[in-house]
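File shown: target.tsv (TSV, N, CA and C atoms).
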chain	number	residue	atom	x	y	z
A	1	LEU	N	-1.36	24.04	-19.79
A	1	LEU	CA	-1.86	23.84	-18.44
A	1	LEU	C	-1.06	22.75	-17.73
A	2	LYS	N	-0.80	21.66	-18.42
A	2	LYS	CA	-0.03	20.58	-17.82
A	2	LYS	C	1.38	21.04	-17.50
A	3	ASP	N	2.00	21.77	-18.44
A	3	ASP	CA	3.35	22.27	-18.22
A	3	ASP	C	3.40	23.25	-17.05
A	4	GLU	N	2.33	24.04	-16.90
A	4	GLU	CA	2.27	24.99	-15.79
A	4	GLU	C	2.21	24.25	-14.46
A	5	ARG	N	1.41	23.20	-14.38
A	5	ARG	CA	1.31	22.40	-13.15
A	5	ARG	C	2.64	21.73	-12.83
A	6	LEU	N	3.28	21.17	-13.84
A	6	LEU	CA	4.57	20.52	-13.62
A	6	LEU	C	5.61	21.53	-13.15
A	7	GLY	N	5.57	22.72	-13.71
A	7	GLY	CA	6.49	23.78	-13.31
A	7	GLY	C	6.30	24.18	-11.85
A	8	LYS	N	5.06	24.28	-11.42
A	8	LYS	CA	4.77	24.61	-10.03
A	8	LYS	C	5.27	23.50	-9.10
A	9	GLY	N	5.10	22.25	-9.53
A	9	GLY	CA	5.59	21.12	-8.74
A	9	GLY	C	7.10	21.15	-8.61
A	10	GLU	N	7.78	21.47	-9.68
A	10	GLU	CA	9.25	21.56	-9.65
A	10	GLU	C	9.71	22.70	-8.75
A	11	LYS	N	8.98	23.80	-8.77
A	11	LYS	CA	9.32	24.93	-7.89
A	11	LYS	C	9.20	24.53	-6.43
A	12	LEU	N	8.13	23.80	-6.09
A	12	LEU	CA	7.97	23.32	-4.71
A	12	LEU	C	9.08	22.36	-4.32
A	13	LYS	N	9.47	21.48	-5.24
A	13	LYS	CA	10.58	20.55	-4.96
A	13	LYS	C	11.86	21.32	-4.68
A	14	ALA	N	12.12	22.37	-5.47
A	14	ALA	CA	13.32	23.18	-5.28
A	14	ALA	C	13.34	23.87	-3.92
A	15	LEU	N	12.15	24.15	-3.37
A	15	LEU	CA	12.05	24.78	-2.06
A	15	LEU	C	12.10	23.75	-0.92
A	16	GLY	N	12.20	22.46	-1.28
A	16	GLY	CA	12.32	21.42	-0.27
A	16	GLY	C	11.01	20.80	0.18
A	17	HIS	N	9.94	20.98	-0.61
A	17	HIS	CA	8.64	20.41	-0.26
A	17	HIS	C	8.27	19.28	-1.22
A	18	LEU	N	7.47	18.35	-0.73
A	18	LEU	CA	6.95	17.30	-1.59
A	18	LEU	C	5.62	17.79	-2.17
A	19	PRO	N	5.57	18.09	-3.45
A	19	PRO	CA	4.35	18.67	-4.02
A	19	PRO	C	3.16	17.72	-4.05
A	20	TYR	N	3.41	16.43	-4.01
A	20	TYR	CA	2.30	15.48	-4.10
A	20	TYR	C	2.31	14.53	-2.90
A	21	GLY	N	2.75	15.03	-1.76
A	21	GLY	CA	2.78	14.20	-0.56
A	21	GLY	C	1.38	13.81	-0.12
A	22	ASN	N	1.26	12.67	0.55
A	22	ASN	CA	-0.07	12.21	0.95
A	22	ASN	C	-0.13	11.77	2.41
A	23	GLY	N	0.84	12.14	3.21
A	23	GLY	CA	0.84	11.71	4.60
A	23	GLY	C	0.33	12.76	5.57
A	24	PHE	N	-0.08	13.92	5.07
A	24	PHE	CA	-0.53	15.02	5.93
A	24	PHE	C	-1.95	14.78	6.40
A	25	ARG	N	-2.19	14.96	7.69
A	25	ARG	CA	-3.52	14.80	8.28
A	25	ARG	C	-3.93	16.12	8.92
A	26	PRO	N	-4.81	16.89	8.28
A	26	PRO	CA	-5.21	18.16	8.87
A	26	PRO	C	-6.03	17.95	10.14
A	27	GLU	N	-5.89	18.90	11.06
A	27	GLU	CA	-6.62	18.82	12.32
A	27	GLU	C	-7.86	19.72	12.34
A	28	HIS	N	-7.97	20.63	11.36
A	28	HIS	CA	-9.07	21.59	11.36
A	28	HIS	C	-9.67	21.71	9.96
A	29	LEU	N	-10.88	22.26	9.90
A	29	LEU	CA	-11.53	22.59	8.64
A	29	LEU	C	-11.69	24.10	8.56
A	30	ALA	N	-11.71	24.63	7.35
A	30	ALA	CA	-11.86	26.07	7.16
A	30	ALA	C	-13.12	26.58	7.85
A	31	ALA	N	-14.23	25.87	7.71
A	31	ALA	CA	-15.49	26.30	8.30
A	31	ALA	C	-15.41	26.35	9.83
A	32	GLU	N	-14.68	25.44	10.44
A	32	GLU	CA	-14.52	25.44	11.90
A	32	GLU	C	-13.78	26.69	12.36
A	33	ILE	N	-12.73	27.03	11.65
A	33	ILE	CA	-11.94	28.21	12.01
A	33	ILE	C	-12.76	29.48	11.84
A	34	LEU	N	-13.47	29.57	10.72
A	34	LEU	CA	-14.31	30.74	10.48
A	34	LEU	C	-15.41	30.87	11.54
A	35	ALA	N	-16.04	29.77	11.90
A	35	ALA	CA	-17.11	29.80	12.90
A	35	ALA	C	-16.57	30.20	14.28
A	36	LYS	N	-15.40	29.71	14.61
A	36	LYS	CA	-14.81	30.01	15.91
A	36	LYS	C	-14.51	31.50	16.07
A	37	HIS	N	-14.15	32.16	14.97
A	37	HIS	CA	-13.71	33.55	15.05
A	37	HIS	C	-14.65	34.53	14.34
A	38	GLU	N	-15.85	34.10	14.00
A	38	GLU	CA	-16.73	34.95	13.21
A	38	GLU	C	-17.12	36.25	13.90
A	39	HIS	N	-17.12	36.29	15.21
A	39	HIS	CA	-17.51	37.50	15.94
A	39	HIS	C	-16.31	38.29	16.46
A	40	ASP	N	-15.10	37.82	16.20
A	40	ASP	CA	-13.90	38.51	16.66
A	40	ASP	C	-13.61	39.72	15.78
A	41	THR	N	-13.19	40.80	16.41
A	41	THR	CA	-12.77	41.98	15.66
A	41	THR	C	-11.32	41.81	15.24
A	42	PRO	N	-10.86	42.57	14.27
A	42	PRO	CA	-9.43	42.50	13.90
A	42	PRO	C	-8.51	42.76	15.10
A	43	GLU	N	-8.91	43.66	15.98
A	43	GLU	CA	-8.10	43.96	17.16
A	43	GLU	C	-8.03	42.76	18.10
A	44	GLN	N	-9.15	42.07	18.28
A	44	GLN	CA	-9.16	40.88	19.13
A	44	GLN	C	-8.28	39.78	18.54
A	45	LEU	N	-8.37	39.60	17.24
A	45	LEU	CA	-7.55	38.58	16.59
A	45	LEU	C	-6.07	38.91	16.71
A	46	GLU	N	-5.72	40.18	16.53
A	46	GLU	CA	-4.32	40.59	16.63
A	46	GLU	C	-3.78	40.39	18.05
A	47	ALA	N	-4.59	40.71	19.04
A	47	ALA	CA	-4.17	40.55	20.44
A	47	ALA	C	-4.08	39.08	20.85
A	48	ALA	N	-5.02	38.27	20.40
A	48	ALA	CA	-5.07	36.86	20.82
A	48	ALA	C	-4.11	35.98	20.02
A	49	LYS	N	-3.82	36.37	18.79
A	49	LYS	CA	-2.99	35.56	17.88
A	49	LYS	C	-3.42	34.09	17.92
A	50	PRO	N	-4.66	33.80	17.48
A	50	PRO	CA	-5.18	32.42	17.55
A	50	PRO	C	-4.40	31.47	16.65
A	51	GLY	N	-4.52	30.21	16.97
A	51	GLY	CA	-3.86	29.19	16.17
A	51	GLY	C	-2.71	28.60	16.96
A	52	PRO	N	-1.85	27.85	16.35
A	52	PRO	CA	-1.84	27.55	14.90
A	52	PRO	C	-2.94	26.57	14.52
A	53	TYR	N	-3.30	26.66	13.28
A	53	TYR	CA	-4.30	25.75	12.73
A	53	TYR	C	-3.65	24.90	11.65
A	54	SER	N	-4.17	23.70	11.51
A	54	SER	CA	-3.66	22.75	10.53
A	54	SER	C	-4.80	22.38	9.59
A	55	ILE	N	-4.76	22.92	8.35
A	55	ILE	CA	-5.80	22.63	7.37
A	55	ILE	C	-5.15	22.20	6.06
A	56	ALA	N	-5.93	21.54	5.24
A	56	ALA	CA	-5.44	21.10	3.93
A	56	ALA	C	-6.52	21.38	2.91
A	57	GLY	N	-6.10	21.79	1.74
A	57	GLY	CA	-7.06	22.06	0.68
A	57	GLY	C	-6.35	22.53	-0.57
A	58	ARG	N	-7.11	23.10	-1.45
A	58	ARG	CA	-6.59	23.58	-2.73
A	58	ARG	C	-6.43	25.09	-2.66
A	59	VAL	N	-5.27	25.59	-3.08
A	59	VAL	CA	-5.06	27.03	-3.18
A	59	VAL	C	-5.78	27.48	-4.45
A	60	VAL	N	-6.79	28.34	-4.28
A	60	VAL	CA	-7.59	28.78	-5.42
A	60	VAL	C	-7.26	30.20	-5.84
A	61	SER	N	-6.53	30.94	-5.00
A	61	SER	CA	-6.18	32.31	-5.35
A	61	SER	C	-4.96	32.74	-4.56
A	62	VAL	N	-4.06	33.46	-5.22
A	62	VAL	CA	-2.88	34.02	-4.57
A	62	VAL	C	-2.75	35.47	-5.02
A	63	ARG	N	-2.66	36.37	-4.05
A	63	ARG	CA	-2.40	37.78	-4.35
A	63	ARG	C	-1.16	38.18	-3.59
A	64	ASP	N	-0.11	38.50	-4.32
A	64	ASP	CA	1.19	38.82	-3.74
A	64	ASP	C	1.42	40.33	-3.82
A	65	PHE	N	1.77	40.92	-2.67
A	65	PHE	CA	2.02	42.35	-2.62
A	65	PHE	C	3.46	42.64	-2.19
A	66	GLY	N	4.37	41.75	-2.52
A	66	GLY	CA	5.79	41.97	-2.19
A	66	GLY	C	6.16	41.39	-0.85
A	67	LYS	N	5.86	42.11	0.22
A	67	LYS	CA	6.22	41.66	1.56
A	67	LYS	C	5.06	41.00	2.29
A	68	ALA	N	3.90	40.98	1.67
A	68	ALA	CA	2.72	40.35	2.25
A	68	ALA	C	1.86	39.81	1.11
A	69	GLY	N	0.92	38.97	1.46
A	69	GLY	CA	0.05	38.42	0.43
A	69	GLY	C	-1.18	37.78	1.06
A	70	PHE	N	-2.09	37.40	0.20
A	70	PHE	CA	-3.31	36.72	0.61
A	70	PHE	C	-3.45	35.45	-0.20
A	71	ILE	N	-3.79	34.37	0.48
A	71	ILE	CA	-4.01	33.07	-0.16
A	71	ILE	C	-5.44	32.64	0.19
A	72	VAL	N	-6.20	32.23	-0.79
A	72	VAL	CA	-7.52	31.65	-0.52
A	72	VAL	C	-7.37	30.14	-0.66
A	73	LEU	N	-7.67	29.45	0.43
A	73	LEU	CA	-7.55	28.00	0.49
A	73	LEU	C	-8.95	27.42	0.63
A	74	GLN	N	-9.26	26.44	-0.20
A	74	GLN	CA	-10.58	25.80	-0.16
A	74	GLN	C	-10.43	24.35	0.23
A	75	ASP	N	-11.15	23.95	1.28
A	75	ASP	CA	-11.19	22.54	1.65
A	75	ASP	C	-12.62	22.04	1.50
A	76	ARG	N	-12.92	20.86	2.02
A	76	ARG	CA	-14.25	20.28	1.82
A	76	ARG	C	-15.35	21.03	2.54
A	77	SER	N	-15.00	21.92	3.48
A	77	SER	CA	-16.01	22.64	4.24
A	77	SER	C	-16.25	24.06	3.72
A	78	GLY	N	-15.36	24.56	2.89
A	78	GLY	CA	-15.50	25.93	2.39
A	78	GLY	C	-14.14	26.54	2.12
A	79	ALA	N	-14.12	27.86	2.03
A	79	ALA	CA	-12.88	28.57	1.71
A	79	ALA	C	-12.52	29.53	2.83
A	80	ILE	N	-11.23	29.75	3.00
A	80	ILE	CA	-10.73	30.67	4.01
A	80	ILE	C	-9.60	31.48	3.39
A	81	GLN	N	-9.55	32.76	3.72
A	81	GLN	CA	-8.47	33.62	3.23
A	81	GLN	C	-7.40	33.71	4.31
A	82	VAL	N	-6.15	33.53	3.90
A	82	VAL	CA	-5.03	33.55	4.82
A	82	VAL	C	-4.13	34.73	4.46
A	83	HIS	N	-3.78	35.53	5.45
A	83	HIS	CA	-2.87	36.65	5.26
A	83	HIS	C	-1.48	36.17	5.64
A	84	VAL	N	-0.54	36.28	4.73
A	84	VAL	CA	0.83	35.83	4.98
A	84	VAL	C	1.78	37.03	4.90
A	85	LYS	N	2.79	37.02	5.78
A	85	LYS	CA	3.75	38.12	5.83
A	85	LYS	C	5.16	37.57	5.75
A	86	LYS	N	5.96	38.17	4.89
A	86	LYS	CA	7.33	37.70	4.68
A	86	LYS	C	8.16	37.82	5.95
A	87	ASP	N	7.98	38.89	6.74
A	87	ASP	CA	8.78	39.05	7.96
A	87	ASP	C	8.43	38.02	9.03
A	88	VAL	N	7.25	37.40	8.94
A	88	VAL	CA	6.86	36.35	9.89
A	88	VAL	C	7.31	34.98	9.39
A	89	LEU	N	7.09	34.72	8.09
A	89	LEU	CA	7.40	33.41	7.54
A	89	LEU	C	8.85	33.23	7.13
A	90	GLY	N	9.56	34.31	6.91
A	90	GLY	CA	10.90	34.25	6.39
A	90	GLY	C	10.86	34.16	4.86
A	91	GLU	N	11.99	34.37	4.26
A	91	GLU	CA	12.07	34.41	2.78
A	91	GLU	C	11.61	33.10	2.14
A	92	GLN	N	12.13	31.97	2.64
A	92	GLN	CA	11.80	30.68	2.03
A	92	GLN	C	10.33	30.30	2.29
A	93	GLY	N	9.84	30.51	3.50
A	93	GLY	CA	8.46	30.19	3.81
A	93	GLY	C	7.48	31.01	2.99
A	94	PHE	N	7.82	32.27	2.74
A	94	PHE	CA	6.96	33.14	1.93
A	94	PHE	C	6.97	32.70	0.48
A	95	ALA	N	8.14	32.25	0.00
A	95	ALA	CA	8.23	31.78	-1.40
A	95	ALA	C	7.34	30.59	-1.62
Write the structure described by the file as structure tokens, please.
Amino acid sequence: LKDERLGKGEKLKALGHLPYGNGFRPEHLAAEILAKHEHDTPEQLEAAKPGPYSIAGRVVSVRDFGKAGFIVLQDRSGAIQVHVKKDVLGEQGFA
């Protein structure tokens, strides 16, 4: 388990990120985002393209489908699922 965590940290360093940085200040909570959009339909969300949002938390689940994926992020207010797309984030951002 320890080796797995260290390996993930090294992978983030190789991508140019600080895996244990502490200067980030999130502007939103998962529960706030969910409450704001709880009545929006997928079509409304696609048309409005809400955000960007700035949240911080623990990644508790990752499902990768090649060119797209889902990440479940949990902060102190709850959990939110994020849909990520390689064509939007670019190769490095998706990695």
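Nearest residue to Lys67 of chain A, choosing from A:Lys11, A:Gln81, A:Pro50, A:Gly90 and counting only C-alpha atoms: A:Gly90.
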From the set A:Pro19, A:Pro26, A:Pro42, A:Gly78, which residue has the shortest atom-to-atom contact distance to Ala56 of chain A, counting all atoms listed in the file?
A:Pro26
Which residues, written as a ChimeraX atom specification, have at least one atom at most 5 Å from Val84 of chain A, with only N, CA and C atoms counted and residues fewer than 4 positions away on the same chain left out?
/A:68-70
Mind giving me the straight-line distance from atom CA of Leu73 of chain A to atom CA of Ala47 of chain A in Å, one decimal?
23.8 Å
I'd like to know which of A:Val88, A:Gln74, A:Gly23, A:Ala48 is closest to Val60 of chain A, using only N, CA and C atoms.
A:Gln74
Using DSSP on the backbone coordinates, identify the residues of chain A assigned to alpha helix (DSSP H); present them as a PyMOL selection string.
chain A and resi 2-14+30-36+42-48+86-94
Selection from above, N, CA and C atoms, as an mmCIF file, keeping the file's coordinate frame, can you write it?
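Saved the output as part27.cif:
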data_model
loop_
_atom_site.group_PDB
_atom_site.id
_atom_site.type_symbol
_atom_site.label_atom_id
_atom_site.label_comp_id
_atom_site.auth_asym_id
_atom_site.auth_seq_id
_atom_site.Cartn_x
_atom_site.Cartn_y
_atom_site.Cartn_z
ATOM 1 N N LYS A 2 -0.800 21.660 -18.420
ATOM 2 C CA LYS A 2 -0.030 20.580 -17.820
ATOM 3 C C LYS A 2 1.380 21.040 -17.500
ATOM 4 N N ASP A 3 2.000 21.770 -18.440
ATOM 5 C CA ASP A 3 3.350 22.270 -18.220
ATOM 6 C C ASP A 3 3.400 23.250 -17.050
ATOM 7 N N GLU A 4 2.330 24.040 -16.900
ATOM 8 C CA GLU A 4 2.270 24.990 -15.790
ATOM 9 C C GLU A 4 2.210 24.250 -14.460
ATOM 10 N N ARG A 5 1.410 23.200 -14.380
ATOM 11 C CA ARG A 5 1.310 22.400 -13.150
ATOM 12 C C ARG A 5 2.640 21.730 -12.830
ATOM 13 N N LEU A 6 3.280 21.170 -13.840
ATOM 14 C CA LEU A 6 4.570 20.520 -13.620
ATOM 15 C C LEU A 6 5.610 21.530 -13.150
ATOM 16 N N GLY A 7 5.570 22.720 -13.710
ATOM 17 C CA GLY A 7 6.490 23.780 -13.310
ATOM 18 C C GLY A 7 6.300 24.180 -11.850
ATOM 19 N N LYS A 8 5.060 24.280 -11.420
ATOM 20 C CA LYS A 8 4.770 24.610 -10.030
ATOM 21 C C LYS A 8 5.270 23.500 -9.100
ATOM 22 N N GLY A 9 5.100 22.250 -9.530
ATOM 23 C CA GLY A 9 5.590 21.120 -8.740
ATOM 24 C C GLY A 9 7.100 21.150 -8.610
ATOM 25 N N GLU A 10 7.780 21.470 -9.680
ATOM 26 C CA GLU A 10 9.250 21.560 -9.650
ATOM 27 C C GLU A 10 9.710 22.700 -8.750
ATOM 28 N N LYS A 11 8.980 23.800 -8.770
ATOM 29 C CA LYS A 11 9.320 24.930 -7.890
ATOM 30 C C LYS A 11 9.200 24.530 -6.430
ATOM 31 N N LEU A 12 8.130 23.800 -6.090
ATOM 32 C CA LEU A 12 7.970 23.320 -4.710
ATOM 33 C C LEU A 12 9.080 22.360 -4.320
ATOM 34 N N LYS A 13 9.470 21.480 -5.240
ATOM 35 C CA LYS A 13 10.580 20.550 -4.960
ATOM 36 C C LYS A 13 11.860 21.320 -4.680
ATOM 37 N N ALA A 14 12.120 22.370 -5.470
ATOM 38 C CA ALA A 14 13.320 23.180 -5.280
ATOM 39 C C ALA A 14 13.340 23.870 -3.920
ATOM 40 N N ALA A 30 -11.710 24.630 7.350
ATOM 41 C CA ALA A 30 -11.860 26.070 7.160
ATOM 42 C C ALA A 30 -13.120 26.580 7.850
ATOM 43 N N ALA A 31 -14.230 25.870 7.710
ATOM 44 C CA ALA A 31 -15.490 26.300 8.300
ATOM 45 C C ALA A 31 -15.410 26.350 9.830
ATOM 46 N N GLU A 32 -14.680 25.440 10.440
ATOM 47 C CA GLU A 32 -14.520 25.440 11.900
ATOM 48 C C GLU A 32 -13.780 26.690 12.360
ATOM 49 N N ILE A 33 -12.730 27.030 11.650
ATOM 50 C CA ILE A 33 -11.940 28.210 12.010
ATOM 51 C C ILE A 33 -12.760 29.480 11.840
ATOM 52 N N LEU A 34 -13.470 29.570 10.720
ATOM 53 C CA LEU A 34 -14.310 30.740 10.480
ATOM 54 C C LEU A 34 -15.410 30.870 11.540
ATOM 55 N N ALA A 35 -16.040 29.770 11.900
ATOM 56 C CA ALA A 35 -17.110 29.800 12.900
ATOM 57 C C ALA A 35 -16.570 30.200 14.280
ATOM 58 N N LYS A 36 -15.400 29.710 14.610
ATOM 59 C CA LYS A 36 -14.810 30.010 15.910
ATOM 60 C C LYS A 36 -14.510 31.500 16.070
ATOM 61 N N PRO A 42 -10.860 42.570 14.270
ATOM 62 C CA PRO A 42 -9.430 42.500 13.900
ATOM 63 C C PRO A 42 -8.510 42.760 15.100
ATOM 64 N N GLU A 43 -8.910 43.660 15.980
ATOM 65 C CA GLU A 43 -8.100 43.960 17.160
ATOM 66 C C GLU A 43 -8.030 42.760 18.100
ATOM 67 N N GLN A 44 -9.150 42.070 18.280
ATOM 68 C CA GLN A 44 -9.160 40.880 19.130
ATOM 69 C C GLN A 44 -8.280 39.780 18.540
ATOM 70 N N LEU A 45 -8.370 39.600 17.240
ATOM 71 C CA LEU A 45 -7.550 38.580 16.590
ATOM 72 C C LEU A 45 -6.070 38.910 16.710
ATOM 73 N N GLU A 46 -5.720 40.180 16.530
ATOM 74 C CA GLU A 46 -4.320 40.590 16.630
ATOM 75 C C GLU A 46 -3.780 40.390 18.050
ATOM 76 N N ALA A 47 -4.590 40.710 19.040
ATOM 77 C CA ALA A 47 -4.170 40.550 20.440
ATOM 78 C C ALA A 47 -4.080 39.080 20.850
ATOM 79 N N ALA A 48 -5.020 38.270 20.400
ATOM 80 C CA ALA A 48 -5.070 36.860 20.820
ATOM 81 C C ALA A 48 -4.110 35.980 20.020
ATOM 82 N N LYS A 86 5.960 38.170 4.890
ATOM 83 C CA LYS A 86 7.330 37.700 4.680
ATOM 84 C C LYS A 86 8.160 37.820 5.950
ATOM 85 N N ASP A 87 7.980 38.890 6.740
ATOM 86 C CA ASP A 87 8.780 39.050 7.960
ATOM 87 C C ASP A 87 8.430 38.020 9.030
ATOM 88 N N VAL A 88 7.250 37.400 8.940
ATOM 89 C CA VAL A 88 6.860 36.350 9.890
ATOM 90 C C VAL A 88 7.310 34.980 9.390
ATOM 91 N N LEU A 89 7.090 34.720 8.090
ATOM 92 C CA LEU A 89 7.400 33.410 7.540
ATOM 93 C C LEU A 89 8.850 33.230 7.130
ATOM 94 N N GLY A 90 9.560 34.310 6.910
ATOM 95 C CA GLY A 90 10.900 34.250 6.390
ATOM 96 C C GLY A 90 10.860 34.160 4.860
ATOM 97 N N GLU A 91 11.990 34.370 4.260
ATOM 98 C CA GLU A 91 12.070 34.410 2.780
ATOM 99 C C GLU A 91 11.610 33.100 2.140
ATOM 100 N N GLN A 92 12.130 31.970 2.640
ATOM 101 C CA GLN A 92 11.800 30.680 2.030
ATOM 102 C C GLN A 92 10.330 30.300 2.290
ATOM 103 N N GLY A 93 9.840 30.510 3.500
ATOM 104 C CA GLY A 93 8.460 30.190 3.810
ATOM 105 C C GLY A 93 7.480 31.010 2.990
ATOM 106 N N PHE A 94 7.820 32.270 2.740
ATOM 107 C CA PHE A 94 6.960 33.140 1.930
ATOM 108 C C PHE A 94 6.970 32.700 0.480
#
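Of note, atom CA of Leu1 of chain A and atom CA of Ile55 of chain A are spaced 26.1 Å apart.
Between Ala79 of chain A and the candidates A:Ala95, A:Lys49, A:Ala30, A:Gly66, the tightest atom-to-atom separation, counting only C-alpha atoms, involves A:Ala30.
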Please provide as a ChimeraX atom specification all residues within 6.5 Å of Ser54 of chain A, with the sequence filter that same-chain residues fewer than 6 positions apart are discarded (counting only N, CA and C atoms).
/A:25-29
May I ask for the distance between atom CA of Gly51 of chain A and atom CA of Ile33 of chain A, given in Å to one decimal place?
9.1 Å
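Restricting the calculation to all atoms listed in the file, the smallest distance between Leu34 of chain A and any of A:Ile80, A:Leu89, A:Leu12, A:Ile71 is found for A:Ile80.
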Please identify the strand (DSSP E) residues within chain A (assignment by DSSP from backbone atoms) and present them as a ChimeraX atom specification.
/A:58-64,68-75,78-85
With all atoms of segment 42-45 of chain A from the file as input, state the centre and edge lengths in Å to one decimal of the axis-aligned box that has 6 Å extra on each side, as AutoDock Vina command-line options.
--center_x -8.5 --center_y 41.3 --center_z 16.5 --size_x 16.8 --size_y 17.4 --size_z 17.2
Can segment 51-58 of chain A be brought up to all heavy atoms and written out as an mmCIF file, keeping the file's coordinate frame?
data_model
loop_
_atom_site.group_PDB
_atom_site.id
_atom_site.type_symbol
_atom_site.label_atom_id
_atom_site.label_comp_id
_atom_site.auth_asym_id
_atom_site.auth_seq_id
_atom_site.Cartn_x
_atom_site.Cartn_y
_atom_site.Cartn_z
ATOM 1 N N GLY A 51 -4.520 30.210 16.970
ATOM 2 C CA GLY A 51 -3.860 29.190 16.170
ATOM 3 C C GLY A 51 -2.710 28.600 16.960
ATOM 4 O O GLY A 51 -2.589 28.848 18.145
ATOM 5 N N PRO A 52 -1.850 27.850 16.350
ATOM 6 C CA PRO A 52 -1.840 27.550 14.900
ATOM 7 C C PRO A 52 -2.940 26.570 14.520
ATOM 8 O O PRO A 52 -3.412 25.795 15.353
ATOM 9 C CB PRO A 52 -0.461 26.928 14.681
ATOM 10 C CG PRO A 52 -0.109 26.308 15.993
ATOM 11 C CD PRO A 52 -0.748 27.187 17.047
ATOM 12 N N TYR A 53 -3.300 26.660 13.280
ATOM 13 C CA TYR A 53 -4.300 25.750 12.730
ATOM 14 C C TYR A 53 -3.650 24.900 11.650
ATOM 15 O O TYR A 53 -2.734 25.328 10.973
ATOM 16 C CB TYR A 53 -5.470 26.540 12.129
ATOM 17 C CG TYR A 53 -6.263 27.284 13.166
ATOM 18 C CD1 TYR A 53 -6.203 28.660 13.248
ATOM 19 C CD2 TYR A 53 -7.067 26.594 14.059
ATOM 20 C CE1 TYR A 53 -6.932 29.345 14.211
ATOM 21 C CE2 TYR A 53 -7.797 27.271 15.023
ATOM 22 C CZ TYR A 53 -7.723 28.640 15.092
ATOM 23 O OH TYR A 53 -8.447 29.303 16.047
ATOM 24 N N SER A 54 -4.170 23.700 11.510
ATOM 25 C CA SER A 54 -3.660 22.750 10.530
ATOM 26 C C SER A 54 -4.800 22.380 9.590
ATOM 27 O O SER A 54 -5.729 21.677 9.982
ATOM 28 C CB SER A 54 -3.148 21.508 11.269
ATOM 29 O OG SER A 54 -2.912 20.457 10.392
ATOM 30 N N ILE A 55 -4.760 22.920 8.350
ATOM 31 C CA ILE A 55 -5.800 22.630 7.370
ATOM 32 C C ILE A 55 -5.150 22.200 6.060
ATOM 33 O O ILE A 55 -3.971 22.468 5.822
ATOM 34 C CB ILE A 55 -6.753 23.819 7.144
ATOM 35 C CG1 ILE A 55 -6.026 25.022 6.555
ATOM 36 C CG2 ILE A 55 -7.433 24.206 8.437
ATOM 37 C CD1 ILE A 55 -6.950 26.175 6.213
ATOM 38 N N ALA A 56 -5.930 21.540 5.240
ATOM 39 C CA ALA A 56 -5.440 21.100 3.930
ATOM 40 C C ALA A 56 -6.520 21.380 2.910
ATOM 41 O O ALA A 56 -7.700 21.255 3.178
ATOM 42 C CB ALA A 56 -5.124 19.601 3.949
ATOM 43 N N GLY A 57 -6.100 21.790 1.740
ATOM 44 C CA GLY A 57 -7.060 22.060 0.680
ATOM 45 C C GLY A 57 -6.350 22.530 -0.570
ATOM 46 O O GLY A 57 -5.141 22.403 -0.706
ATOM 47 N N ARG A 58 -7.110 23.100 -1.450
ATOM 48 C CA ARG A 58 -6.590 23.580 -2.730
ATOM 49 C C ARG A 58 -6.430 25.090 -2.660
ATOM 50 O O ARG A 58 -7.347 25.799 -2.262
ATOM 51 C CB ARG A 58 -7.550 23.218 -3.854
ATOM 52 C CG ARG A 58 -7.100 23.658 -5.219
ATOM 53 C CD ARG A 58 -8.100 23.219 -6.263
ATOM 54 N NE ARG A 58 -8.204 21.772 -6.318
ATOM 55 C CZ ARG A 58 -7.590 21.019 -7.221
ATOM 56 N NH1 ARG A 58 -6.861 21.563 -8.149
ATOM 57 N NH2 ARG A 58 -7.755 19.717 -7.198
#
